[in-house]
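Participant: This is query-v2.txt (compact mmCIF, C-alpha atoms).
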# COMPACT_ATOMS: atom_id res chain seq x y z
CA MET A 32 24.38 51.51 -24.61
CA ARG A 33 20.69 52.07 -24.74
CA SER A 34 18.59 49.01 -23.80
CA ARG A 35 16.36 47.60 -26.48
CA GLU A 36 12.70 48.36 -25.86
CA TYR A 37 9.88 46.05 -26.79
CA GLY A 38 6.39 47.12 -27.56
CA PRO A 39 3.18 45.36 -26.65
CA ASP A 40 2.54 41.73 -27.65
CA LEU A 41 1.34 41.89 -31.27
CA THR A 42 0.51 38.14 -31.52
CA PRO A 43 -2.92 37.82 -33.17
CA PRO A 44 -5.58 36.75 -30.66
CA TRP A 45 -6.38 33.58 -32.64
CA LYS A 46 -2.76 32.39 -32.23
CA LYS A 47 -2.60 32.88 -28.46
CA THR A 48 -3.05 29.87 -26.20
CA ALA A 49 -6.02 30.37 -23.93
CA PRO A 50 -5.28 29.61 -20.28
CA ALA A 51 -6.70 26.25 -19.22
CA PRO A 52 -9.05 26.17 -16.23
CA GLU A 53 -7.56 24.82 -13.03
CA VAL A 54 -9.34 21.78 -11.63
CA PRO A 55 -8.63 20.27 -8.17
CA ALA A 56 -7.42 16.69 -8.49
CA ASP A 57 -10.00 15.30 -6.09
CA PRO A 58 -10.08 11.53 -5.49
CA ASP A 59 -12.06 9.56 -8.12
CA LEU A 60 -11.98 12.44 -10.64
CA VAL A 61 -11.62 10.79 -14.08
CA VAL A 62 -9.24 12.51 -16.50
CA GLU A 63 -7.10 11.69 -19.52
CA GLU A 64 -3.39 12.52 -19.71
CA VAL A 65 -2.78 14.51 -22.89
CA GLY A 66 0.59 13.06 -23.88
CA THR A 67 -0.16 9.34 -23.47
CA GLY A 68 -3.94 9.12 -23.65
CA PHE A 69 -3.96 7.21 -20.35
CA CYS A 70 -7.41 7.59 -18.79
CA GLY A 71 -8.09 6.91 -15.13
CA ALA A 72 -9.42 8.05 -11.80
CA VAL A 73 -7.34 10.14 -9.42
CA ILE A 74 -5.94 7.98 -6.60
CA ARG A 75 -3.67 10.46 -4.87
CA CYS A 76 -1.54 13.58 -5.30
CA GLU A 77 2.00 13.83 -4.00
CA LYS A 78 4.60 16.55 -3.60
CA THR A 79 7.99 15.55 -5.04
CA ALA A 80 11.32 17.27 -5.60
CA GLN A 81 10.42 17.58 -9.30
CA GLY A 82 7.00 19.07 -8.55
CA PRO A 83 3.52 17.77 -7.77
CA THR A 84 2.38 14.49 -9.28
CA VAL A 85 -0.95 12.72 -9.62
CA THR A 86 -1.54 8.95 -9.66
CA LEU A 87 -4.31 7.67 -11.94
CA GLU A 88 -5.92 4.22 -11.91
CA ASP A 89 -7.51 2.89 -15.10
CA ARG A 90 -10.45 0.49 -15.30
CA PHE A 91 -8.10 -2.51 -15.21
CA GLY A 92 -6.55 -1.37 -11.91
CA LYS A 93 -3.28 -0.20 -13.51
CA HIS A 94 -1.65 2.83 -11.89
CA ARG A 95 0.38 5.55 -13.64
CA VAL A 96 2.04 8.61 -12.12
CA PHE A 97 2.09 11.89 -14.07
CA PRO A 98 3.47 15.38 -13.36
CA MET A 99 0.74 17.95 -12.81
CA GLU A 100 1.84 20.19 -15.68
CA PRO A 101 -0.23 23.08 -17.09
CA ARG A 102 -2.69 21.95 -19.75
CA GLY A 103 -1.66 18.38 -19.10
CA PHE A 104 -5.05 16.66 -18.87
CA LEU A 105 -8.44 16.36 -20.54
CA LEU A 106 -11.62 16.50 -18.50
CA GLU A 107 -14.68 15.52 -20.53
CA GLY A 108 -12.74 16.42 -23.66
CA ARG A 109 -11.66 19.84 -22.37
CA VAL A 110 -8.02 20.73 -21.67
CA VAL A 111 -7.46 21.50 -17.98
CA THR A 112 -4.65 22.06 -15.53
CA LEU A 113 -4.84 19.77 -12.51
CA VAL A 114 -3.94 21.33 -9.17
CA ARG A 115 -3.65 19.83 -5.71
CA PRO A 116 -7.08 19.54 -4.06
CA ARG A 117 -8.01 22.06 -1.44
CA GLN A 118 -8.24 20.92 2.15
CA GLN A 119 -11.90 20.41 2.95
CA ALA A 120 -13.78 19.44 6.04
CA ALA A 121 -14.53 15.74 6.12
CA ARG A 122 -18.00 14.99 4.79
CA GLY A 123 -18.26 11.66 6.55
CA PRO A 124 -16.65 9.73 9.39
CA ALA A 125 -12.86 9.54 9.26
CA ARG A 126 -11.43 6.14 8.39
CA THR A 127 -8.39 4.24 9.58
CA ALA A 128 -5.92 2.79 7.11
CA SER A 129 -7.84 -0.51 7.27
CA GLY A 130 -11.09 1.21 6.27
CA SER A 131 -12.66 1.07 9.73
CA VAL A 132 -14.45 4.07 11.18
CA ALA A 133 -11.89 6.05 13.18
CA VAL A 134 -12.57 6.84 16.83
CA PRO A 135 -11.04 10.29 17.50
CA GLY A 136 -9.37 10.56 20.88
CA ALA A 137 -9.76 6.87 21.66
CA ARG A 138 -7.18 5.54 24.08
CA ALA A 139 -5.39 2.27 23.51
CA ARG A 140 -6.99 -0.63 25.34
CA VAL A 141 -5.00 -2.61 27.86
CA ALA A 142 -3.44 -5.49 25.98
CA ARG A 143 -5.44 -8.70 25.80
CA ALA A 144 -3.98 -12.02 26.80
CA GLY A 145 -4.50 -13.15 23.22
CA ARG A 146 -1.90 -12.46 20.57
CA ILE A 147 -1.32 -12.47 16.83
CA TYR A 148 1.95 -14.00 15.69
CA VAL A 149 3.45 -13.30 12.26
CA GLU A 150 6.57 -14.80 10.71
CA GLY A 151 8.88 -11.82 10.41
CA ARG A 152 9.50 -8.16 11.10
CA HIS A 153 8.31 -7.07 7.67
CA ASP A 154 5.00 -8.87 8.21
CA ALA A 155 4.60 -7.12 11.57
CA GLU A 156 5.39 -3.70 10.08
CA LEU A 157 2.86 -4.15 7.28
CA VAL A 158 0.15 -5.25 9.72
CA GLU A 159 0.94 -2.22 11.88
CA ARG A 160 0.82 0.11 8.88
CA VAL A 161 -2.69 -0.99 7.87
CA TRP A 162 -4.34 -2.22 11.08
CA GLY A 163 -2.36 -0.43 13.80
CA ASP A 164 -5.19 1.89 14.91
CA ASP A 165 -7.69 -0.99 15.08
CA LEU A 166 -5.31 -3.23 17.01
CA ARG A 167 -4.63 -0.58 19.65
CA ILE A 168 -8.34 0.02 20.21
CA GLU A 169 -8.92 -3.74 20.49
CA GLY A 170 -5.87 -4.27 22.71
CA VAL A 171 -4.30 -6.85 20.37
CA VAL A 172 -0.51 -7.18 20.32
CA VAL A 173 1.28 -8.45 17.21
CA GLU A 174 4.60 -10.26 17.64
CA TYR A 175 6.94 -11.76 15.05
CA LEU A 176 8.56 -15.19 15.27
CA GLU A 177 11.46 -15.10 12.79
CA GLY A 178 10.05 -18.18 11.07
CA ILE A 179 7.56 -20.90 12.00
CA ASP A 180 9.75 -24.02 12.08
CA ASP A 181 9.11 -24.33 15.84
CA LEU A 182 5.44 -23.30 15.72
CA PRO A 183 4.01 -26.35 17.56
CA SER A 184 6.32 -25.81 20.55
CA ILE A 185 5.70 -22.05 20.46
CA VAL A 186 1.96 -22.72 20.67
CA ARG A 187 2.44 -25.08 23.62
CA ASP A 188 4.54 -22.50 25.45
CA PHE A 189 1.88 -19.83 24.84
CA ALA A 190 -0.76 -22.08 26.48
CA PRO A 191 -3.79 -20.80 24.55
CA ALA A 192 -7.15 -20.71 26.30
CA PRO A 193 -10.66 -19.41 25.53
CA ASP A 194 -9.72 -16.04 27.06
CA ALA A 195 -6.22 -16.09 25.53
CA ARG A 196 -6.62 -17.03 21.92
CA LEU A 197 -3.69 -17.14 19.52
CA GLY A 198 -3.80 -16.21 15.85
CA VAL A 199 -0.91 -17.05 13.51
CA LEU A 200 -0.28 -15.58 10.05
CA VAL A 201 1.92 -17.77 7.84
CA ASP A 202 3.67 -16.89 4.58
CA HIS A 203 3.33 -19.23 1.57
CA LEU A 204 0.61 -21.36 3.13
CA VAL A 205 -0.26 -23.44 0.06
CA PRO A 206 -0.97 -27.19 -0.30
CA GLY A 207 2.16 -29.32 -0.15
CA SER A 208 4.43 -26.61 1.24
CA LYS A 209 6.60 -26.99 4.32
CA GLU A 210 4.53 -24.27 5.93
CA SER A 211 1.29 -26.19 5.40
CA ARG A 212 2.76 -29.32 7.02
CA ILE A 213 3.88 -27.36 10.07
CA ALA A 214 0.54 -25.58 10.37
CA ALA A 215 -1.30 -28.93 10.25
CA GLU A 216 0.48 -29.97 13.47
CA VAL A 217 -1.37 -27.23 15.39
CA THR A 218 -4.79 -28.56 16.40
CA ASP A 219 -5.69 -26.51 19.47
CA ALA A 220 -9.23 -25.07 19.18
CA ASN A 221 -8.02 -21.77 20.67
CA VAL A 222 -5.46 -21.30 17.91
CA LEU A 223 -6.21 -20.15 14.37
CA VAL A 224 -3.47 -20.57 11.76
CA VAL A 225 -4.15 -18.85 8.44
CA GLY A 226 -1.88 -17.77 5.64
CA HIS A 227 -1.46 -16.11 2.30
CA PRO A 228 -0.07 -17.69 -0.89
CA TYR A 229 2.89 -15.32 -1.33
CA ILE A 230 6.50 -16.42 -0.89
CA ASP A 231 7.09 -13.29 1.16
CA VAL A 232 4.86 -10.52 2.48
CA TRP A 233 6.48 -8.14 -0.04
CA GLU A 234 4.28 -9.75 -2.69
CA ALA A 235 1.16 -8.90 -0.67
CA VAL A 236 1.68 -5.23 -1.58
CA LYS A 237 0.06 -4.46 -4.92
CA PRO A 238 2.71 -3.96 -7.63
CA ALA A 239 0.95 -0.85 -8.95
CA SER A 240 1.26 0.79 -5.52
CA VAL A 241 5.02 0.21 -5.63
CA GLY A 242 5.22 1.50 -9.20
CA ILE A 243 6.19 -1.78 -10.86
CA ALA A 244 4.43 -3.92 -13.46
CA GLY A 245 4.54 -7.03 -11.29
CA TRP A 246 6.62 -8.97 -8.78
CA PRO A 247 9.35 -10.83 -10.68
CA SER A 248 9.80 -14.60 -10.64
CA VAL A 249 12.97 -15.63 -8.82
CA PRO A 250 14.58 -19.01 -9.73
CA HIS A 251 14.30 -21.69 -7.06
CA GLY A 252 17.33 -21.81 -4.79
CA GLN A 253 18.07 -18.09 -4.92
CA ASP A 254 17.43 -15.68 -2.08
CA TRP A 255 14.01 -14.38 -3.05
CA LYS A 256 14.34 -10.81 -1.77
CA LYS A 257 17.77 -10.28 -3.29
CA GLY A 258 16.53 -11.83 -6.52
CA VAL A 259 13.64 -9.37 -6.59
CA CYS A 260 16.05 -6.46 -6.08
CA ARG A 261 18.28 -7.68 -8.92
CA SER A 262 15.36 -8.19 -11.29
CA LEU A 263 13.96 -4.72 -10.59
CA GLY A 264 17.36 -3.02 -10.81
CA TRP A 265 17.31 -2.05 -7.13
CA PRO A 266 20.43 -2.12 -4.94
CA GLU A 267 20.64 -5.47 -3.13
CA ASN A 268 19.83 -3.84 0.19
CA THR A 269 16.70 -5.68 1.25
CA GLY A 270 16.15 -3.46 4.28
CA ALA A 271 16.11 -0.30 2.16
CA ALA A 272 13.99 -2.04 -0.46
CA TRP A 273 11.39 -2.98 2.14
CA GLN A 274 11.25 0.56 3.51
CA HIS A 275 10.57 1.79 -0.02
CA ILE A 276 7.80 -0.78 -0.46
CA LEU A 277 6.27 -0.03 2.94
CA SER A 278 6.31 3.71 2.25
CA ARG A 279 3.96 3.11 -0.68
CA VAL A 280 1.33 1.49 1.55
CA ARG A 281 -1.15 4.11 2.70
CA SER A 282 -4.25 2.00 3.28
CA TYR A 283 -5.84 -1.38 2.72
CA LYS A 284 -6.26 -0.41 -0.95
CA ASP A 285 -2.53 -0.95 -1.46
CA VAL A 286 -2.64 -4.54 -0.16
CA GLU A 287 -3.80 -7.70 -1.93
CA PRO A 288 -7.17 -9.15 -0.81
CA ALA A 289 -5.51 -12.51 -0.05
CA LEU A 290 -3.74 -10.87 2.89
CA LEU A 291 -6.50 -8.46 3.90
CA GLY A 292 -9.02 -11.21 4.53
CA ARG A 293 -6.64 -13.32 6.56
CA VAL A 294 -5.60 -10.51 8.92
CA GLU A 295 -9.23 -9.47 9.46
CA GLU A 296 -10.02 -13.12 10.23
CA LEU A 297 -7.27 -13.27 12.85
CA ILE A 298 -8.39 -10.03 14.54
CA ASP A 299 -11.97 -11.32 14.73
CA PHE A 300 -10.77 -14.65 16.16
CA VAL A 301 -8.55 -13.15 18.85
CA THR A 302 -11.12 -10.55 19.93
CA GLY A 303 -14.10 -12.90 19.64
What do you get writing this file as structure tokens?

Facilitator:
Amino acid sequence: MRSREYGPDLTPPWKKTAPAPEVPADPDLVVEEVGTGFCGAVIRCEKTAQGPTVTLEDRFGKHRVFPMEPRGFLLEGRVVTLVRPRQQAARGPARTASGSVAVPGARARVARAGRIYVEGRHDAELVERVWGDDLRIEGVVVEYLEGIDDLPSIVRDFAPAPDARLGVLVDHLVPGSKESRIAAEVTDANVLVVGHPYIDVWEAVKPASVGIAGWPSVPHGQDWKKGVCRSLGWPENTGAAWQHILSRVRSYKDVEPALLGRVEELIDFVTG
């Protein structure tokens, strides 16, 4: 059988779709997604199994993730195709995840006598994710306590001194809470106890960075982390849930200011 032959494309020029220009999705580039009309600045690009995606942030701080499809965005009213940005030489000093100026090749300082204590492993992992580079340069070790019920005796055992200050980060440090009563028992001038208002450090990660509208409210008396997983439709594996949350934290921009300020305060106190 003879194969069917096709001639040249006879589509009239005015009916052909002109190719859209390719534009690198550089950070802070403001575009509009064609299908939804969502307008925002580029936060990051990611490579996924379904193809590259771009995260946009609108003027209210809301994040949306979109596939980088051909002709998928408007730039100043013109249809464009976003592509992953080209690797370019840094125009300014490199930054750590906390926003500090990075010190290339710097070696970790010998650990100070002072310490920062946090309540749990998740708190320690989040502090390491954002401030790890800074802490190594300053020689500050972060340890977790598995709760603060015995904080006064822990402080006494540590024996704080002017050259061995102790900083403590407490979850849910709000007026009238059990945590606030325990913290008030610590009066040593070489100890600084600060805290954030969140029930758990999970809430200190911005919901938009995790890809959710907000952290759900869990009824009193229920396990908070498992309640969050149920409300969000996640498997009730809190360890896996935390790893998912932590993976979305790339810098201080993904963390709530109520935590950022307290950790910076502790680092300043211990290194002061």

Participant: Quote the spacing between CA of Thr127 (chain A) and CA of Asp164 (chain A) in Å to one decimal place.

Facilitator: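 Rounded to one decimal, the two atoms are 6.6 Å apart.
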
Participant: Nearest to Arg115 (chain A): which of A:Glu234, A:Glu88, A:Asp180, A:Asp57 is it, counting all atoms listed in the file?

Facilitator: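 Looking at the shortest contact to Arg115 (chain A), the residue is A:Asp57.
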
Participant: Quick check, in Å to one decimal: how far apart do CA of Gly252 (chain A) and CA of Arg293 (chain A) lie?

Facilitator: 27.8 Å

Participant: Show which residues sit within 12 Å of region 273-281 of chain A, as a ChimeraX atom specification. Count all atoms listed in the file, and ignore same-chain residues fewer than 4 positions away.

Facilitator: /A:74-75,77,126-130,152-162,231-243,246,256-257,259-260,265-269,285-287

Participant: From the options A:Pro193, A:Gly226, A:Pro183, A:Gly66, which residue's atoms come nearest to Leu291 (chain A), counting all atoms listed in the file?

Facilitator: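 Ranked by minimum distance to Leu291 (chain A), first place goes to A:Gly226.
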
Participant: What's the separation between CA of Ser208 (chain A) and CA of Ile179 (chain A), in Å to one decimal place?

Facilitator: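 Answer for the CA of Ser208 (chain A) to CA of Ile179 (chain A) separation: 12.6 Å.
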
Participant: Which residues come within 6 Å of region 143-145 of chain A, counting only C-alpha atoms, excluding same-chain residues fewer than 2 positions away, as a ChimeraX atom specification?

Facilitator: /A:170-171,195-197,301

Participant: Just the residues within 6 Å of region 94-106 of chain A, please, counting only C-alpha atoms, with nothing from its chain fewer than 6 positions along; format it as a PyMOL selection string.

Facilitator: chain A and resi 51+62-65+83-88+112-113+239

Participant: So, counting all atoms listed in the file, which residue among A:Gly198, A:Gly303, A:Gly292, A:Pro191 is closest to Val173 (chain A)?

Facilitator: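 Closest to Val173 (chain A) of all the choices is A:Gly198.
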
Participant: Find, counting only C-alpha atoms, the residue in A:Ala289, A:Val149, A:Ala244, A:Ala271 that gets nearest to Leu200 (chain A).

Facilitator: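 Once distances to Leu200 (chain A) are computed over only C-alpha atoms, the minimum belongs to A:Val149.
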
Participant: Would you please work out which residue, of A:Asp181, A:Glu169, A:Asp188, A:Glu296, is nearest to Val224 (chain A) when using only C-alpha atoms?

Facilitator: A:Glu296
